[in-house]
>>> print(open('input-v3.txt').read())   # compact mmCIF, C-alpha atoms
# COMPACT_ATOMS: atom_id res chain seq x y z
CA LEU A 1 162.76 85.86 -31.30
CA SER A 2 165.06 88.50 -29.83
CA GLY A 3 167.60 87.77 -32.55
CA LEU A 4 165.02 88.20 -35.29
CA VAL A 5 163.61 91.36 -33.72
CA SER A 6 167.12 92.80 -33.49
CA TYR A 7 167.21 93.04 -37.29
CA ILE A 8 164.30 95.49 -37.37
CA PRO A 9 165.90 98.88 -38.20
CA ALA A 10 163.79 100.87 -35.71
CA LEU A 11 164.83 98.56 -32.88
CA GLN A 12 168.48 98.62 -33.94
CA GLY A 13 168.38 102.39 -33.52
CA TRP A 14 166.87 102.00 -30.06
CA ASP A 15 169.51 99.46 -29.15
CA LEU A 16 172.36 101.76 -30.20
CA ALA A 17 170.69 104.66 -28.38
CA GLN A 18 170.89 102.64 -25.14
CA VAL A 19 174.59 101.95 -25.66
CA LYS A 20 175.21 105.65 -26.38
CA TRP A 21 173.19 106.75 -23.34
CA PHE A 22 175.18 104.47 -21.04
CA SER A 23 178.48 105.64 -22.55
CA GLN A 24 177.51 109.27 -21.85
CA HIS A 25 176.59 108.52 -18.22
CA ARG A 26 179.57 106.44 -17.16
CA THR A 27 181.29 107.06 -13.85
CA GLU A 28 184.55 105.65 -12.53
CA SER A 29 182.81 103.63 -9.81
CA LEU A 30 180.26 102.17 -12.26
CA ASN A 31 183.08 101.37 -14.69
CA ILE A 32 184.91 99.43 -11.96
CA LEU A 33 181.72 97.59 -10.96
CA ALA A 34 180.77 96.70 -14.56
CA MET A 35 184.30 95.50 -15.37
CA PHE A 36 184.33 93.42 -12.17
CA LEU A 37 181.02 91.85 -13.22
CA SER A 38 182.51 91.18 -16.64
CA LYS A 39 185.40 89.29 -15.06
CA ILE A 40 183.32 87.20 -12.65
CA GLY A 41 180.51 86.56 -15.13
CA GLY A 42 182.65 85.03 -17.85
CA SER A 43 182.95 81.39 -18.73
CA VAL A 44 186.15 80.85 -16.73
CA VAL A 45 184.80 81.98 -13.35
CA ILE A 46 181.29 80.58 -13.86
CA GLY A 47 182.82 77.30 -15.05
CA PHE A 48 185.06 77.17 -11.98
CA VAL A 49 182.13 77.83 -9.62
CA VAL A 50 180.04 75.16 -11.36
CA MET A 51 182.97 72.74 -11.15
CA LEU A 52 183.30 73.36 -7.40
CA TRP A 53 179.55 72.96 -6.98
CA CYS A 54 179.56 69.69 -8.92
CA SER A 55 182.60 68.44 -6.99
CA ARG A 56 180.78 69.03 -3.72
CA LEU A 57 177.70 67.24 -5.02
CA ALA A 58 179.81 64.35 -6.30
CA TRP A 59 181.39 64.08 -2.84
CA TYR A 60 177.87 63.43 -1.49
CA LYS A 61 177.19 61.02 -4.39
CA LYS A 62 174.51 63.17 -6.01
CA TYR A 63 175.55 62.14 -9.49
CA LYS A 64 172.19 62.81 -11.15
CA THR A 65 172.37 66.44 -10.01
CA VAL A 66 175.97 66.71 -11.26
CA ILE A 67 174.88 65.43 -14.68
CA PHE A 68 171.87 67.78 -14.68
CA ILE A 69 174.04 70.82 -13.87
CA SER A 70 176.72 69.81 -16.37
CA PHE A 71 174.25 69.32 -19.21
CA GLY A 72 172.50 72.58 -18.31
CA MET A 73 175.63 74.70 -18.32
CA ILE A 74 177.33 73.00 -21.27
CA GLY A 75 174.06 73.06 -23.24
CA SER A 76 173.42 76.75 -22.58
CA GLY A 77 177.02 77.61 -23.48
CA THR A 78 176.83 75.62 -26.69
CA LEU A 79 173.47 77.13 -27.58
CA VAL A 80 174.62 80.71 -27.03
CA TRP A 81 177.71 80.27 -29.22
CA LEU A 82 175.67 78.58 -31.96
CA LEU A 83 173.20 81.47 -31.85
CA LYS A 84 176.07 83.98 -31.99
CA TRP A 85 177.37 82.24 -35.09
CA TRP A 86 173.92 81.95 -36.69
CA ILE A 87 172.67 85.47 -35.93
CA ALA A 88 176.12 87.11 -36.39
CA ARG A 89 175.00 90.47 -35.06
CA PRO A 90 177.90 92.95 -35.05
CA ARG A 91 178.99 94.69 -31.88
CA PRO A 92 178.62 98.43 -31.37
CA LEU A 93 181.49 100.61 -32.52
CA GLU A 94 184.71 100.22 -30.53
CA ILE A 95 184.45 103.75 -29.17
CA TYR A 96 181.73 102.43 -26.85
CA HIS A 97 183.72 99.41 -25.59
CA LEU A 98 185.19 99.46 -22.09
CA VAL A 99 186.32 95.83 -22.28
CA GLN A 100 187.77 93.71 -25.04
CA SER A 101 185.12 91.54 -26.64
CA TYR A 102 185.05 88.65 -29.05
CA GLY A 103 182.57 87.30 -31.52
CA ALA A 104 179.13 88.58 -32.30
CA SER A 105 177.22 90.74 -29.85
CA PHE A 106 174.02 88.76 -29.64
CA PRO A 107 173.21 86.83 -27.60
CA SER A 108 175.50 87.89 -24.77
CA ALA A 109 177.46 84.92 -23.47
CA HIS A 110 177.91 86.62 -20.08
CA SER A 111 174.16 87.18 -19.80
CA ALA A 112 173.42 83.62 -20.91
CA TYR A 113 175.85 82.18 -18.35
CA ALA A 114 174.31 84.37 -15.64
CA ALA A 115 170.76 83.37 -16.58
CA SER A 116 171.65 79.66 -16.82
CA PHE A 117 173.42 79.71 -13.48
CA ALA A 118 170.52 81.62 -11.87
CA CYS A 119 167.96 79.17 -13.28
CA LEU A 120 169.96 76.20 -12.00
CA LEU A 121 170.18 77.76 -8.55
CA LEU A 122 166.47 78.49 -8.50
CA PHE A 123 165.56 75.00 -9.66
CA LEU A 124 167.94 73.08 -7.43
CA LEU A 125 167.38 75.19 -4.32
CA ARG A 126 163.61 75.58 -4.69
CA LYS A 127 162.98 73.85 -1.36
CA HIS A 128 165.63 75.78 0.57
CA ARG A 129 164.32 77.70 3.56
CA TYR A 130 165.89 80.92 2.25
CA TYR A 131 164.49 80.46 -1.26
CA VAL A 132 162.98 83.96 -1.37
CA TRP A 133 166.43 85.47 -0.82
CA ILE A 134 168.01 83.08 -3.30
CA PHE A 135 165.30 84.03 -5.80
CA LEU A 136 165.99 87.76 -5.34
CA ALA A 137 169.76 87.31 -5.56
CA ALA A 138 169.63 85.04 -8.62
CA ASN A 139 167.27 87.31 -10.54
CA SER A 140 169.22 90.41 -9.57
CA TRP A 141 172.40 88.68 -10.78
CA TRP A 142 171.23 88.01 -14.34
CA ILE A 143 169.47 91.38 -14.69
CA ILE A 144 172.52 93.30 -13.48
CA MET A 145 174.77 91.19 -15.73
CA GLY A 146 172.63 92.05 -18.77
CA ILE A 147 172.68 95.76 -17.95
CA SER A 148 176.45 95.68 -17.38
CA ARG A 149 176.95 94.23 -20.86
CA VAL A 150 175.17 97.18 -22.46
CA TYR A 151 176.97 99.59 -20.12
CA LEU A 152 180.36 98.20 -21.21
CA GLY A 153 179.44 98.63 -24.86
>>> encode(input="input-v3.txt", output="structure tokens")
Amino acid sequence: LSGLVSYIPALQGWDLAQVKWFSQHRTESLNILAMFLSKIGGSVVIGFVVMLWCSRLAWYKKYKTVIFISFGMIGSGTLVWLLKWWIARPRPLEIYHLVQSYGASFPSAHSAYAASFACLLLFLLRKHRYYVWIFLAANSWWIIMGISRVYLG
């Protein structure tokens, strides 16, 4: 639905206005933070963390959980790239970019990886005694990742 709504001209103007607003209010410290998030939220780092997580689970012979995590992350990655190809929404002008980007702008792969990882954490750790803190951290993670993508242009 978000992809279809993004083709409404009035909303496209609002979307670009957000990118422009962020570009006008950038600071060096926020630039560093957003670029750091961009590096750790990409497929390489998230994939490495998931691989470590699955390796630990495999060590304890929790193979069903390993398969669940693998299908979840591979499925969400595949889905986001298929949607990028199908929707083919162009990125904002390069003058707004702080990082090099590839492919279409919507949906954001970084945001999708963050949301998928957060959902997996929330589902798999739902009985953990610190679940409230995990819930807050996981939701903060994907929200901040989404904002950082707009901030970086």
>>> closest_atom_pairs(input="input-v3.txt", of="stretch 103-125 of chain A", to="stretch 71-74 of chain A", cutoff="9 Å", atoms="all atoms listed in the file", output="CSV")
residue,atom,partner,partner_atom,distance
A:Tyr113,CA,A:Met73,CA,7.5
A:Ser116,CA,A:Met73,CA,6.5
A:Phe117,CA,A:Met73,CA,7.3
A:Leu120,CA,A:Gly72,CA,7.7
>>> atom_distance(input="input-v3.txt", atom1="atom CA of A:Gln18", atom2="atom CA of A:Gly42")
22.4 Å
>>> atom_distance(input="input-v3.txt", atom1="atom CA of A:Val80", atom2="atom CA of A:Ser105")
10.7 Å
>>> atom_distance(input="input-v3.txt", atom1="atom CA of A:Leu83", atom2="atom CA of A:Ile32")
29.2 Å
>>> closest_residue(input="input-v3.txt", among="A:Ile46, A:Gly153, A:Ile8, A:Phe22", to="A:Gln100", atoms="all atoms listed in the file")
A:Gly153
>>> residues_near_point(input="input-v3.txt", point="(169.3, 87.8, -13.2)", cutoff="10 Å", atoms="all atoms listed in the file", output="list in words")
Ser111, Ala112, Ala114, Ala115, Ser116, Phe117, Ala118, Cys119, Phe135, Leu136, Ala137, Ala138, Asn139, Ser140, Trp141, Trp142, Ile143, Ile144, Met145, Gly146 and Ile147 of chain A
>>> closest_residue(input="input-v3.txt", among="A:His128, A:Val150, A:Ser29, A:Gln24", to="A:Phe106", atoms="all atoms listed in the file")
A:Val150
>>> residues_around(input="input-v3.txt", residues="A:Val45", least_positions_apart="6", cutoff="12 Å", atoms="only C-alpha atoms", output="list in words")
Phe36, Leu37, Ser38, Lys39, Met51, Leu52, His110, Tyr113, Ala114 and Phe117 of chain A
>>> closest_residue(input="input-v3.txt", among="A:Met35, A:Ala109, A:Cys54, A:Ile134", to="A:Leu82", atoms="all atoms listed in the file")
A:Ala109
>>> closest_residue(input="input-v3.txt", among="A:Lys84, A:Lys61, A:Lys20, A:Arg149", to="A:Gly103", atoms="only C-alpha atoms")
A:Lys84
